[in-house]
Amino acid sequence: MTEKYKIQGGETLRGEVSIGGAKNAVLKILAATIMAKGISKIYNVPHLTDVDIILNVLSDLGAKCIYDTTEKSVVVDATSITSITAKYELVSKMRASFIILGALMSRCKEAIVALPGGCAIGERRVDFHIRGLETLGAKIKIENGYVHAKASKLVGSDIYLDIPSVGATENLMLAAVTAQGATRIQNAAREPEIIDLANFLNAIGADISGAGTSEIVINGVTQDKLHAVEYTTIPDRIEAGTFMAAVVATKGKAVIKNVYPAHLTFFNDKLIQMGASIKLVEPTTIEVSCKNRLNSINFVTQPYPGFPTDLQAIAMTLLTTANGVGIITESLYENRFMQVPDLRRMGADIHQDRNHAIVKGVKKLEGATVVASDLRAGAALVIAGLIANGETIVEKLHHIDRGYEEFENKLTNLGAKIVRFNDTESEATHNSNVISIKGVL
Ligand code: EPU
């Protein structure tokens with residue numbers, strides 16, 4: 001059964017919205033809970049299908065997980081790990097599951113993890129993860145689509161990443177926690193989610209410094225030094241950026257709560273250049289507004305603290321009706337302009353050549369039936385629907401459900417006209433596709 005959004009464009013978003021926990025921090029922190037024996041509790045966990053998947057990975061390894069979707073917390077009992085294999089059926093559903101490789105190497109010194117394969121937005125290789133583990137002393141075999149990593153012991157070493165890969169930095173950081181001696185990851189990714197993961201690891205007993213800079217030092221500790229903890233994750237900067245863009249696109253005004261503005265400086269700066277106003281109300285609350293037609297801007301996606309690739313499609317939607325011509329260069333992924341054909345179907349004027357897109361602002365988009373090809377492209381099309389004339393149908397909502405918690409409810413509270421429906425029902429209210437696993441795993 002495929003679920004869809006029906007959006008009636010033209011409403012101005014006003015009011016208040018609260019941002020949930022950061023998907024890309026939560027997934028890695030949940031994976032890392034298996035590194036310490038005992039019962040950990042993680043707070044500020046958004047209710048997303050990607051969280052369901054990582055919990056299935058953990059429970060397959062023998063951990064017991066309870067996801068309280070009301071409290072937005074997860075309890076993981078990792079006292080006993082009974083398997084070292086992360087199956088293709090789970091890893092293929094979500095690439096982030098590959099993080100379990102580092103967690104298992106840290107705890108068990110052996111892991112068999114399915115290779116994730118390509119995905120809609122690009123090739124997304126894992127060669128840095130594998131080379132880094134080999135540098136730490138793991139013997140790696142690739143057999144039948146699985147990575148089999150084993151080491152009698154891991155030994156700290158210097159690792160240089162060709163590019164500051166988020167996933168490789170995280171996987172190697174996890175593996176190095178119980179390596180003998182010091183590991184230095186150079187050209188490390190600097191994303192806030194890396195800092196959050198390092199903070200969690202330090203809370204369970206690891207010795208990590210430099211997270212958030214391009215050199216992270218991990219002084220190895222013995223496995224028995226690690227202990228379970230309670231930990232609260234940071235807010236999701238991409239969800240915050242998505243709502244900021246939606247408000248600005250509709251020339252609205254809204255208060256956005258539970259946001260760390262310092263995590264969004266580059267994006268904020270671009271929104272202000274486009275004509276938006278962003279005021280700090282409290283340390284974790286901002287007010288976003290926009291009165292006039294936006295101005296076009298140029299931007300290049302870059303690793304943090306540059307313009308986030310995860311907000312590229314969403315920013316492209318803003319450019320479709322801005323005044324002038326904007327040029328976007330996508331420098332992280334080979335194929336992250338999947339939203340372009342659908343935005344064109346809504347009347348956008350976009351010329352794309354490999355990783356460059358030239359967007360000439362039109363006066364108005366027109367509603368159409370469009371397809372969410374991935375998570376962020378899906379969010380970009382929803383925002384396009386909010387500003388288009390007439391009705392827009394967005395198909396394949398399972399992509400959006402991976403990363404946005406109660407998306408249509410939050411938008412409805414801000415005044416948007418958006419409903420979820422499926423082929424058998426003409427109109428349903430909300431979130432019928434999200435599997436609640438409260439108390440089950
Ligand atoms: N790369 C390699 N070899 C590697 C690792 C990465 O060539 O071994 C390349 C990738 O192919 C890609 C680039 O390096 O072209 C960047 O990849 P990175 O490893 O930094 O990304 P990731 O860890 O796979 C995370 C987020 C993505 C986000 C990127 C970049 C999670 C679960 N995912 O992916 O988020 O786009 O960092 O910031 O943390 C999303 O949330 O929608 C999303 C895709």
# chains A, B, ... in the order shown; residues from 1 in each chain; ligands from 1

call {"tool": "residues_near_ligand", "arguments": {"ligand": "ligand 1", "cutoff": "8 Å", "atoms": "only C-alpha atoms and all ligand atoms", "output": "count of residues only"}}
result
40

call {"tool": "residues_around", "arguments": {"residues": "A:Leu271", "least_positions_apart": "4", "cutoff": "10 Å", "atoms": "only C-alpha atoms", "output": "list in words"}}
result
Gly241, Met244, Ala245, Val248, Thr265, Phe266, Phe267, Gly275, Ala276, Ser277, Ile278, Val288, Cys290, Leu294, Asn295, Ser296, Ile297, Ala315 and Leu318 of chain A

call {"tool": "write_last_selection", "arguments": {"atoms": "C-alpha atoms", "output": "PDB file, in the first residue's frame"}}
result
ATOM      1  CA  GLY A 241      16.455  23.772   8.310  1.00  0.00           C
ATOM      2  CA  MET A 244      12.819  27.197   8.348  1.00  0.00           C
ATOM      3  CA  ALA A 245      12.725  26.797   4.568  1.00  0.00           C
ATOM      4  CA  VAL A 248      10.296  31.274   4.451  1.00  0.00           C
ATOM      5  CA  THR A 265      25.142  29.077  10.613  1.00  0.00           C
ATOM      6  CA  PHE A 266      25.921  28.572   6.916  1.00  0.00           C
ATOM      7  CA  PHE A 267      22.317  27.802   6.027  1.00  0.00           C
ATOM      8  CA  GLY A 275      15.728  38.023   2.328  1.00  0.00           C
ATOM      9  CA  ALA A 276      14.577  36.009   5.347  1.00  0.00           C
ATOM     10  CA  SER A 277      14.761  37.300   8.895  1.00  0.00           C
ATOM     11  CA  ILE A 278      16.062  35.010  11.656  1.00  0.00           C
ATOM     12  CA  VAL A 288      11.948  32.858  11.233  1.00  0.00           C
ATOM     13  CA  CYS A 290       9.944  36.409   5.360  1.00  0.00           C
ATOM     14  CA  LEU A 294      13.137  35.728  -2.080  1.00  0.00           C
ATOM     15  CA  ASN A 295      16.336  36.726  -3.886  1.00  0.00           C
ATOM     16  CA  SER A 296      18.330  34.078  -5.708  1.00  0.00           C
ATOM     17  CA  ILE A 297      21.698  32.950  -4.354  1.00  0.00           C
ATOM     18  CA  ALA A 315      17.070  25.141  -0.914  1.00  0.00           C
ATOM     19  CA  LEU A 318      13.302  28.075  -2.556  1.00  0.00           C
TER      20      LEU A 318
END

call {"tool": "closest_residue", "arguments": {"among": "A:Ala175, A:Val74, A:Arg14, A:Lys4", "to": "A:Val255", "atoms": "only C-alpha atoms"}}
result
A:Arg14

call {"tool": "residues_around", "arguments": {"residues": "A:Asn202", "least_positions_apart": "6", "cutoff": "10 Å", "atoms": "only C-alpha atoms", "output": "VMD selection string"}}
result
chain A and resid 177 196 208 to 209 218 226

call {"tool": "residues_around", "arguments": {"residues": "stretch 222-225 of chain A", "least_positions_apart": "3", "cutoff": "9 Å", "atoms": "only C-alpha atoms", "output": "PDB file with N, CA, C and O atoms, in the first residue's frame"}}
result
ATOM      1  N   MET A  35      28.308  -1.381  22.669  1.00  0.00           N
ATOM      2  CA  MET A  35      29.726  -1.468  23.037  1.00  0.00           C
ATOM      3  C   MET A  35      29.909  -1.676  24.539  1.00  0.00           C
ATOM      4  O   MET A  35      30.930  -2.174  24.977  1.00  0.00           O
ATOM      5  N   ALA A  36      28.917  -1.256  25.325  1.00  0.00           N
ATOM      6  CA  ALA A  36      29.028  -1.391  26.785  1.00  0.00           C
ATOM      7  C   ALA A  36      28.014  -2.412  27.273  1.00  0.00           C
ATOM      8  O   ALA A  36      26.854  -2.391  26.860  1.00  0.00           O
ATOM      9  N   LYS A  37      28.454  -3.297  28.155  1.00  0.00           N
ATOM     10  CA  LYS A  37      27.500  -4.253  28.751  1.00  0.00           C
ATOM     11  C   LYS A  37      26.567  -3.484  29.672  1.00  0.00           C
ATOM     12  O   LYS A  37      26.981  -2.509  30.292  1.00  0.00           O
ATOM     13  N   SER A 106      34.602  -3.092  18.256  1.00  0.00           N
ATOM     14  CA  SER A 106      34.995  -2.589  19.562  1.00  0.00           C
ATOM     15  C   SER A 106      34.660  -3.608  20.656  1.00  0.00           C
ATOM     16  O   SER A 106      35.465  -3.869  21.531  1.00  0.00           O
ATOM     17  N   ARG A 107      33.478  -4.176  20.555  1.00  0.00           N
ATOM     18  CA  ARG A 107      33.039  -5.081  21.632  1.00  0.00           C
ATOM     19  C   ARG A 107      33.545  -6.519  21.452  1.00  0.00           C
ATOM     20  O   ARG A 107      33.943  -7.162  22.413  1.00  0.00           O
ATOM     21  N   VAL A 177      37.856   2.855  20.095  1.00  0.00           N
ATOM     22  CA  VAL A 177      37.595   3.078  21.530  1.00  0.00           C
ATOM     23  C   VAL A 177      38.296   2.028  22.392  1.00  0.00           C
ATOM     24  O   VAL A 177      38.838   2.334  23.452  1.00  0.00           O
ATOM     25  N   THR A 178      38.311   0.770  21.921  1.00  0.00           N
ATOM     26  CA  THR A 178      38.955  -0.288  22.731  1.00  0.00           C
ATOM     27  C   THR A 178      40.236  -0.815  22.072  1.00  0.00           C
ATOM     28  O   THR A 178      40.685  -1.922  22.375  1.00  0.00           O
ATOM     29  N   ALA A 179      40.823  -0.005  21.154  1.00  0.00           N
ATOM     30  CA  ALA A 179      42.121  -0.403  20.578  1.00  0.00           C
ATOM     31  C   ALA A 179      43.211  -0.126  21.604  1.00  0.00           C
ATOM     32  O   ALA A 179      43.031   0.701  22.505  1.00  0.00           O
ATOM     33  N   GLN A 180      44.335  -0.795  21.455  1.00  0.00           N
ATOM     34  CA  GLN A 180      45.462  -0.526  22.380  1.00  0.00           C
ATOM     35  C   GLN A 180      46.186   0.730  21.928  1.00  0.00           C
ATOM     36  O   GLN A 180      46.596   0.826  20.770  1.00  0.00           O
ATOM     37  N   ILE A 204      30.188   6.794  28.161  1.00  0.00           N
ATOM     38  CA  ILE A 204      30.226   5.360  28.525  1.00  0.00           C
ATOM     39  C   ILE A 204      31.629   4.922  28.961  1.00  0.00           C
ATOM     40  O   ILE A 204      31.850   3.762  29.279  1.00  0.00           O
ATOM     41  N   GLY A 205      32.596   5.855  28.916  1.00  0.00           N
ATOM     42  CA  GLY A 205      33.930   5.519  29.443  1.00  0.00           C
ATOM     43  C   GLY A 205      35.067   5.613  28.440  1.00  0.00           C
ATOM     44  O   GLY A 205      36.208   5.300  28.780  1.00  0.00           O
ATOM     45  N   ALA A 206      34.768   6.033  27.207  1.00  0.00           N
ATOM     46  CA  ALA A 206      35.840   6.177  26.203  1.00  0.00           C
ATOM     47  C   ALA A 206      36.664   7.432  26.506  1.00  0.00           C
ATOM     48  O   ALA A 206      36.272   8.260  27.341  1.00  0.00           O
TER      49      ALA A 206
END

call {"tool": "residues_around", "arguments": {"residues": "A:Lys109", "least_positions_apart": "4", "cutoff": "8 Å", "atoms": "only C-alpha atoms", "output": "list of chain:residue names"}}
result
A:Leu104, A:Met105, A:Ala149, A:Lys150, A:Ala151, A:Ser152, A:Lys153, A:Leu154

call {"tool": "write_last_selection", "arguments": {"atoms": "N, CA and C atoms", "output": "PDB file, in the first residue's frame"}}
result
ATOM      1  N   LEU A 104      30.681  -3.485  16.721  1.00  0.00           N
ATOM      2  CA  LEU A 104      30.976  -4.900  16.980  1.00  0.00           C
ATOM      3  C   LEU A 104      32.477  -5.138  17.101  1.00  0.00           C
ATOM      4  N   MET A 105      33.273  -4.440  16.300  1.00  0.00           N
ATOM      5  CA  MET A 105      34.730  -4.610  16.396  1.00  0.00           C
ATOM      6  C   MET A 105      35.215  -4.150  17.759  1.00  0.00           C
ATOM      7  N   ALA A 149      35.251  -8.883   9.336  1.00  0.00           N
ATOM      8  CA  ALA A 149      36.418  -8.245   9.974  1.00  0.00           C
ATOM      9  C   ALA A 149      36.730  -8.973  11.267  1.00  0.00           C
ATOM     10  N   LYS A 150      38.039  -9.206  11.508  1.00  0.00           N
ATOM     11  CA  LYS A 150      38.432  -9.960  12.706  1.00  0.00           C
ATOM     12  C   LYS A 150      39.798  -9.467  13.164  1.00  0.00           C
ATOM     13  N   ALA A 151      40.004  -9.431  14.460  1.00  0.00           N
ATOM     14  CA  ALA A 151      41.308  -9.034  14.984  1.00  0.00           C
ATOM     15  C   ALA A 151      41.488  -9.680  16.346  1.00  0.00           C
ATOM     16  N   SER A 152      42.680 -10.200  16.642  1.00  0.00           N
ATOM     17  CA  SER A 152      42.896 -10.695  18.011  1.00  0.00           C
ATOM     18  C   SER A 152      42.920  -9.481  18.931  1.00  0.00           C
ATOM     19  N   LYS A 153      43.503  -8.383  18.442  1.00  0.00           N
ATOM     20  CA  LYS A 153      43.400  -7.094  19.153  1.00  0.00           C
ATOM     21  C   LYS A 153      43.524  -5.984  18.105  1.00  0.00           C
ATOM     22  N   LEU A 154      42.919  -4.831  18.414  1.00  0.00           N
ATOM     23  CA  LEU A 154      43.093  -3.661  17.545  1.00  0.00           C
ATOM     24  C   LEU A 154      44.177  -2.792  18.177  1.00  0.00           C
TER      25      LEU A 154
END

call {"tool": "atom_distance", "arguments": {"atom1": "atom CA of A:Ser80", "atom2": "atom CA of A:Thr233"}}
result
24.3 Å

call {"tool": "select_by_dssp", "arguments": {"residues": "stretch 134-331 of chain A", "states": "helix (DSSP H, G or I)", "output": "VMD selection string"}}
result
chain A and resid 134 to 135 166 to 176 192 to 203 223 to 225 237 to 249 261 to 274 309 to 320

call {"tool": "atom_distance", "arguments": {"atom1": "atom CA of A:Thr320", "atom2": "atom CA of A:Ala249"}}
result
10.1 Å

call {"tool": "closest_residue", "arguments": {"among": "A:Ala246, A:Glu330, A:Ala262, A:Gly212", "to": "A:Ala384", "atoms": "only C-alpha atoms"}}
result
A:Ala246

call {"tool": "select_by_dssp", "arguments": {"residues": "stretch 68-228 of chain A", "states": "strand (DSSP E)", "output": "ChimeraX atom specification"}}
result
/A:68,73-77,85-86,110-114,139-143,146-150,158-160,182-186,207-209,215-219

call {"tool": "atom_distance", "arguments": {"atom1": "atom CA of A:Asn422", "atom2": "atom CA of A:Asp342"}}
result
20.2 Å

call {"tool": "closest_residue", "arguments": {"among": "A:Leu172, A:Ile100, A:Ile327, A:Ala120", "to": "A:Glu134", "atoms": "only C-alpha atoms"}}
result
A:Leu172

call {"tool": "residues_around", "arguments": {"residues": "A:Tyr231", "least_positions_apart": "6", "cutoff": "7 Å", "atoms": "only C-alpha atoms", "output": "ChimeraX atom specification"}}
result
/A:41-43,200

call {"tool": "write_last_selection", "arguments": {"atoms": "C-alpha atoms", "output": "compact mmCIF listing (two decimals), in the first residue's frame"}}
result
# COMPACT_ATOMS: atom_id res chain seq x y z
CA LYS A 41 18.69 4.67 27.90
CA ILE A 42 18.71 7.22 25.09
CA TYR A 43 16.36 10.23 25.15
CA PHE A 200 28.10 9.65 24.19

call {"tool": "closest_residue", "arguments": {"among": "A:Asn268, A:Gln8, A:Ser59, A:Ser40", "to": "A:Asn389", "atoms": "only C-alpha atoms"}}
result
A:Gln8
